file query22.cif (mmCIF, C-alpha atoms)
data_query
loop_
_atom_site.group_PDB
_atom_site.id
_atom_site.type_symbol
_atom_site.label_atom_id
_atom_site.label_comp_id
_atom_site.auth_asym_id
_atom_site.auth_seq_id
_atom_site.Cartn_x
_atom_site.Cartn_y
_atom_site.Cartn_z
ATOM 1 C CA MET A 17 -14.130 15.034 -20.489
ATOM 2 C CA LYS A 18 -10.732 15.077 -18.753
ATOM 3 C CA LYS A 19 -11.466 18.493 -17.204
ATOM 4 C CA ILE A 20 -14.804 17.281 -15.846
ATOM 5 C CA PHE A 21 -13.112 14.213 -14.358
ATOM 6 C CA LEU A 22 -10.394 16.338 -12.678
ATOM 7 C CA ILE A 23 -13.035 18.731 -11.270
ATOM 8 C CA PHE A 24 -14.944 15.726 -9.918
ATOM 9 C CA ILE A 25 -11.776 14.435 -8.196
ATOM 10 C CA CYS A 26 -11.128 17.864 -6.596
ATOM 11 C CA VAL A 27 -14.711 18.121 -5.293
ATOM 12 C CA TYR A 28 -14.568 14.557 -3.951
ATOM 13 C CA ILE A 29 -11.287 15.176 -2.105
ATOM 14 C CA THR A 30 -12.586 18.500 -0.708
ATOM 15 C CA ASN A 31 -15.623 16.680 0.722
ATOM 16 C CA LEU A 32 -13.260 14.291 2.492
ATOM 17 C CA ALA A 33 -11.253 17.134 3.986
ATOM 18 C CA PHE A 34 -14.344 18.750 5.522
ATOM 19 C CA ALA A 35 -15.770 15.564 7.047
ATOM 20 C CA GLN A 36 -16.838 16.410 10.614
ATOM 21 C CA GLU A 37 -15.741 13.465 12.768
ATOM 22 C CA GLN A 38 -12.135 12.400 12.846
ATOM 23 C CA GLY A 39 -11.386 8.743 12.208
ATOM 24 C CA GLY A 40 -8.235 6.687 12.367
ATOM 25 C CA LEU A 41 -4.865 6.379 10.723
ATOM 26 C CA ILE A 42 -3.662 3.272 8.863
ATOM 27 C CA ILE A 43 -0.089 2.526 7.790
ATOM 28 C CA LYS A 44 0.204 -0.378 5.358
ATOM 29 C CA THR A 45 2.285 -2.051 2.667
ATOM 30 C CA ASN A 46 1.315 -3.875 -0.527
ATOM 31 C CA LEU A 47 2.638 -7.442 -0.228
ATOM 32 C CA LEU A 48 2.473 -7.956 -4.010
ATOM 33 C CA ASN A 49 5.082 -5.214 -4.471
ATOM 34 C CA LEU A 50 7.653 -7.528 -2.870
ATOM 35 C CA VAL A 51 7.712 -9.424 -6.203
ATOM 36 C CA ALA A 52 9.313 -6.242 -7.582
ATOM 37 C CA LYS A 53 12.061 -6.520 -4.915
ATOM 38 C CA ARG A 54 10.970 -3.479 -2.910
ATOM 39 C CA PRO A 55 8.286 -2.659 -0.333
ATOM 40 C CA SER A 56 5.603 -0.028 -0.793
ATOM 41 C CA LEU A 57 4.282 2.338 1.856
ATOM 42 C CA SER A 58 0.765 3.754 2.226
ATOM 43 C CA ILE A 59 -0.731 6.063 4.820
ATOM 44 C CA GLU A 60 -4.522 6.345 4.971
ATOM 45 C CA LYS A 61 -6.428 8.846 7.067
ATOM 46 C CA THR A 62 -10.076 7.976 7.637
ATOM 47 C CA PHE A 63 -12.737 10.613 8.266
ATOM 48 C CA SER A 64 -16.138 10.093 9.900
ATOM 49 C CA ASN A 65 -15.451 6.336 9.729
ATOM 50 C CA ILE A 66 -16.786 6.391 6.155
ATOM 51 C CA TYR A 67 -14.214 8.321 4.054
ATOM 52 C CA GLY A 68 -10.542 7.663 3.489
ATOM 53 C CA LEU A 69 -7.696 9.577 1.913
ATOM 54 C CA GLU A 70 -4.609 7.479 1.130
ATOM 55 C CA LEU A 71 -1.138 8.499 -0.040
ATOM 56 C CA SER A 72 1.035 5.674 -1.409
ATOM 57 C CA TYR A 73 4.621 5.369 -2.601
ATOM 58 C CA ALA A 74 5.808 2.366 -4.576
ATOM 59 C CA SER A 75 8.935 1.478 -6.498
ATOM 60 C CA GLY A 76 10.314 -1.679 -7.975
ATOM 61 C CA GLU A 77 12.041 -3.444 -10.804
ATOM 62 C CA MET A 78 11.519 -6.714 -12.595
ATOM 63 C CA ARG A 79 13.739 -8.559 -15.032
ATOM 64 C CA HIS A 80 12.536 -11.564 -16.985
ATOM 65 C CA MET A 81 14.735 -14.582 -16.300
ATOM 66 C CA LEU A 82 14.758 -15.972 -19.851
ATOM 67 C CA SER A 83 14.786 -12.775 -21.889
ATOM 68 C CA ARG A 84 16.349 -9.369 -21.462
ATOM 69 C CA ASP A 85 13.019 -7.672 -20.647
ATOM 70 C CA TYR A 86 13.324 -5.055 -17.917
ATOM 71 C CA TYR A 87 10.687 -2.949 -16.152
ATOM 72 C CA GLN A 88 11.439 -0.345 -13.464
ATOM 73 C CA TYR A 89 8.973 2.060 -11.818
ATOM 74 C CA GLU A 90 8.661 4.606 -9.026
ATOM 75 C CA GLY A 91 5.737 6.823 -8.135
ATOM 76 C CA PHE A 92 3.120 8.291 -5.837
ATOM 77 C CA LEU A 93 -0.619 7.727 -5.740
ATOM 78 C CA LEU A 94 -3.401 9.654 -3.973
ATOM 79 C CA ARG A 95 -6.603 7.670 -3.439
ATOM 80 C CA ALA A 96 -9.925 9.052 -2.232
ATOM 81 C CA LYS A 97 -12.164 6.320 -0.787
ATOM 82 C CA LYS A 98 -15.814 6.114 0.203
ATOM 83 C CA TYR A 99 -16.718 3.147 2.419
ATOM 84 C CA LEU A 100 -20.195 1.734 1.833
ATOM 85 C CA ASP A 101 -20.872 1.500 5.589
ATOM 86 C CA PRO A 102 -19.067 2.920 8.644
ATOM 87 C CA ILE A 103 -15.777 1.079 9.255
ATOM 88 C CA GLU A 104 -16.261 -1.774 11.735
ATOM 89 C CA LYS A 105 -13.818 -4.264 13.188
ATOM 90 C CA ARG A 106 -14.254 -7.934 12.248
ATOM 91 C CA GLU A 107 -16.409 -7.004 9.231
ATOM 92 C CA ALA A 108 -15.682 -6.647 5.532
ATOM 93 C CA ASN A 109 -15.574 -2.909 4.840
ATOM 94 C CA ALA A 110 -16.172 -2.433 1.095
ATOM 95 C CA PHE A 111 -15.182 0.820 -0.578
ATOM 96 C CA TYR A 112 -14.888 2.552 -3.930
ATOM 97 C CA GLY A 113 -13.150 5.725 -5.017
ATOM 98 C CA LEU A 114 -10.897 7.648 -7.354
ATOM 99 C CA TYR A 115 -7.134 7.943 -7.685
ATOM 100 C CA VAL A 116 -4.593 10.249 -9.272
ATOM 101 C CA GLY A 117 -0.836 9.801 -9.299
ATOM 102 C CA SER A 118 2.522 10.059 -10.981
ATOM 103 C CA LEU A 119 4.803 7.314 -12.181
ATOM 104 C CA GLU A 120 8.296 7.200 -13.652
ATOM 105 C CA LYS A 121 8.884 4.115 -15.810
ATOM 106 C CA THR A 122 11.747 2.500 -17.651
ATOM 107 C CA ILE A 123 10.693 -0.216 -20.098
ATOM 108 C CA GLN A 124 13.040 -2.350 -22.196
ATOM 109 C CA ASN A 125 11.717 -5.405 -23.977
ATOM 110 C CA GLN A 126 12.551 -7.473 -27.008
ATOM 111 C CA GLY A 127 9.773 -7.856 -29.563
ATOM 112 C CA ARG A 128 8.338 -11.269 -30.205
ATOM 113 C CA SER A 129 6.564 -12.857 -33.138
ATOM 114 C CA GLY A 130 3.312 -14.604 -32.405
ATOM 115 C CA GLU A 131 2.599 -18.080 -33.587
ATOM 116 C CA GLY A 132 -0.438 -20.230 -33.313
ATOM 117 C CA PHE A 133 -4.119 -19.412 -32.997
ATOM 118 C CA PHE A 134 -3.653 -16.088 -31.165
ATOM 119 C CA ASP A 135 -1.243 -13.453 -32.461
ATOM 120 C CA THR A 136 0.992 -12.526 -29.531
ATOM 121 C CA SER A 137 3.338 -10.255 -31.493
ATOM 122 C CA THR A 138 4.869 -7.368 -29.556
ATOM 123 C CA ALA A 139 7.080 -4.509 -30.658
ATOM 124 C CA THR A 140 10.553 -3.924 -29.253
ATOM 125 C CA ARG A 141 10.468 -0.992 -26.818
ATOM 126 C CA ASP A 142 13.205 0.898 -25.013
ATOM 127 C CA PHE A 143 12.174 4.113 -23.253
ATOM 128 C CA LYS A 144 12.066 6.033 -20.004
ATOM 129 C CA ALA A 145 9.191 8.411 -19.227
ATOM 130 C CA ASN A 146 7.186 10.159 -16.554
ATOM 131 C CA SER A 147 3.430 9.801 -16.515
ATOM 132 C CA VAL A 148 0.301 11.104 -14.857
ATOM 133 C CA ARG A 149 -2.381 8.506 -14.200
ATOM 134 C CA PHE A 150 -5.941 8.599 -12.922
ATOM 135 C CA GLY A 151 -8.890 6.272 -12.579
ATOM 136 C CA GLY A 152 -11.213 4.443 -10.210
ATOM 137 C CA ASN A 153 -10.684 1.789 -7.574
ATOM 138 C CA PHE A 154 -12.708 -0.546 -5.398
ATOM 139 C CA GLY A 155 -11.894 -3.059 -2.723
ATOM 140 C CA VAL A 156 -12.454 -4.465 0.750
ATOM 141 C CA MET A 157 -10.698 -3.753 4.040
ATOM 142 C CA PHE A 158 -10.924 -6.178 6.951
ATOM 143 C CA ILE A 159 -9.816 -5.530 10.551
ATOM 144 C CA PRO A 160 -9.503 -9.013 12.129
ATOM 145 C CA ALA A 161 -7.810 -7.843 15.345
ATOM 146 C CA LYS A 162 -7.470 -4.650 17.344
ATOM 147 C CA HIS A 163 -4.843 -3.008 15.096
ATOM 148 C CA LEU A 164 -4.249 -5.400 12.161
ATOM 149 C CA THR A 165 -5.772 -4.497 8.776
ATOM 150 C CA LEU A 166 -5.962 -6.557 5.597
ATOM 151 C CA GLU A 167 -6.990 -4.983 2.304
ATOM 152 C CA ALA A 168 -7.619 -6.178 -1.243
ATOM 153 C CA LEU A 169 -7.902 -3.446 -3.865
ATOM 154 C CA THR A 170 -8.034 -3.178 -7.629
ATOM 155 C CA GLY A 171 -8.006 -0.103 -9.813
ATOM 156 C CA PHE A 172 -8.481 0.713 -13.480
ATOM 157 C CA GLY A 173 -7.536 3.909 -15.241
ATOM 158 C CA TYR A 174 -5.441 5.669 -17.861
ATOM 159 C CA GLY A 175 -1.891 7.016 -17.827
ATOM 160 C CA LYS A 176 -0.450 9.702 -20.108
ATOM 161 C CA TYR A 177 3.309 9.836 -20.792
ATOM 162 C CA PHE A 178 5.419 13.008 -20.848
ATOM 163 C CA ASN A 179 9.182 13.798 -20.700
ATOM 164 C CA MET A 180 9.845 10.705 -22.777
ATOM 165 C CA LYS A 181 13.381 9.585 -23.628
ATOM 166 C CA SER A 182 13.290 6.874 -26.257
ATOM 167 C CA ASN A 183 15.867 4.816 -28.145
ATOM 168 C CA PRO A 184 15.191 5.856 -31.787
ATOM 169 C CA ILE A 185 16.286 2.474 -33.166
ATOM 170 C CA TYR A 186 13.113 0.790 -31.912
ATOM 171 C CA SER A 187 9.449 1.436 -32.588
ATOM 172 C CA ALA A 188 7.910 4.609 -31.192
ATOM 173 C CA PRO A 189 6.686 4.210 -27.618
ATOM 174 C CA PRO A 190 2.988 4.633 -26.866
ATOM 175 C CA LYS A 191 1.504 8.017 -25.882
ATOM 176 C CA GLY A 192 -0.424 6.494 -22.983
ATOM 177 C CA TYR A 193 -1.290 3.235 -21.281
ATOM 178 C CA PHE A 194 -4.016 1.296 -19.517
ATOM 179 C CA ASP A 195 -3.335 1.581 -15.783
ATOM 180 C CA PHE A 196 -4.195 -1.546 -13.772
ATOM 181 C CA GLN A 197 -3.538 -1.963 -10.051
ATOM 182 C CA LEU A 198 -3.803 -4.960 -7.779
ATOM 183 C CA TRP A 199 -2.967 -4.524 -4.096
ATOM 184 C CA LEU A 200 -3.034 -7.034 -1.236
ATOM 185 C CA SER A 201 -2.032 -4.945 1.748
ATOM 186 C CA VAL A 202 -1.360 -5.569 5.414
ATOM 187 C CA GLY A 203 -1.236 -2.706 7.881
ATOM 188 C CA TYR A 204 -1.531 -1.252 11.345
ATOM 189 C CA TYR A 205 -4.660 0.690 12.387
ATOM 190 C CA PHE A 206 -4.145 3.458 14.981
#
call {"tool": "encode", "arguments": {"input": "query22.cif", "output": "structure tokens"}}
result
Amino acid sequence: MKKIFLIFICVYITNLAFAQEQGGLIIKTNLLNLVAKRPSLSIEKTFSNIYGLELSYASGEMRHMLSRDYYQYEGFLLRAKKYLDPIEKREANAFYGLYVGSLEKTIQNQGRSGEGFFDTSTATRDFKANSVRFGGNFGVMFIPAKHLTLEALTGFGYGKYFNMKSNPIYSAPPKGYFDFQLWLSVGYYF
């Protein structure tokens, strides 16, 4: 199944590369990444006003104020997009697509015992690892002015860890993870 999915991604990206009409270029940043104390950068090339190929870099770190939980990440993402209609200014331009990327994570958290109706128990984790992730995304891009772009995007997929360095005192880290993305981006359309 994974091989079929990777072949599908390669064919999809190849179709984008051979699109006949050239489109525009968009440089943008995910405003939600500022919560993680660092900006992100994305460059999207549109083809035939209906396809897009986006390369993104994001990094950040978060520390919980009341506990010693720590999360740090850095990685690249390649998104292939298909807009439902040709890209138009002052209209909602919906799209869907696929993504593949890499991510380096450091996760340190203290386990907690759950109480009450729902069991919210978590294991203590302390590890650093690289991962490969892939999945699907969908969203809407809006161009309210000549060069300003606004975009809302969400993605769902799976990530597989490798090169893992774990603290052996704590429970074994997971082999993979559910990859969820939420982007609210602002950018400049050339």
call {"tool": "resolve_selection", "arguments": {"input": "query22.cif", "expression": "the PyMOL selection byres ((chain A and resi 176) around 6)", "output": "MDAnalysis selection string"}}
result
chainID A and resid 147:148 175 177 192
call {"tool": "write_last_selection", "arguments": {"input": "query22.cif", "atoms": "C-alpha atoms", "output": "compact mmCIF listing (two decimals), in the coordinates of the input"}}
result
# COMPACT_ATOMS: atom_id res chain seq x y z
CA SER A 147 3.43 9.80 -16.52
CA VAL A 148 0.30 11.10 -14.86
CA GLY A 175 -1.89 7.02 -17.83
CA TYR A 177 3.31 9.84 -20.79
CA GLY A 192 -0.42 6.49 -22.98
call {"tool": "resolve_selection", "arguments": {"input": "query22.cif", "expression": "the PyMOL selection byres ((chain A and resi 88) around 12)", "output": "list in words"}}
result
Ala52, Lys53, Arg54, Ala74, Ser75, Gly76, Glu77, Met78, Arg79, His80, Asp85, Tyr86, Tyr87, Tyr89, Glu90, Gly91, Leu119, Glu120, Lys121, Thr122, Ile123, Gln124, Asn125, Asp142, Phe143, Lys144, Ala145 and Asn146 of chain A
call {"tool": "resolve_selection", "arguments": {"input": "query22.cif", "expression": "the PyMOL selection byres ((chain A and resi 70) around 10)", "output": "PyMOL selection string"}}
result
chain A and resi 41-43+58-62+68-69+71-72+93-97+115
call {"tool": "closest_residue", "arguments": {"input": "query22.cif", "among": "A:Phe172, A:Phe206, A:Glu107, A:Ser201", "to": "Ser56 (chain A)", "atoms": "only C-alpha atoms"}}
result
A:Ser201
call {"tool": "closest_residue", "arguments": {"input": "query22.cif", "among": "A:Tyr67, A:Phe92, A:Phe154, A:Tyr73", "to": "Ala110 (chain A)", "atoms": "all atoms listed in the file"}}
result
A:Phe154
call {"tool": "axis_aligned_box", "arguments": {"input": "query22.cif", "around": "region 149-153 of chain A", "padding_each_side": "8 Å", "output": "lines of an AutoDock Vina configuration file"}}
result
center_x = -6.8
center_y = 5.2
center_z = -10.9
size_x = 24.8
size_y = 22.8
size_z = 22.6
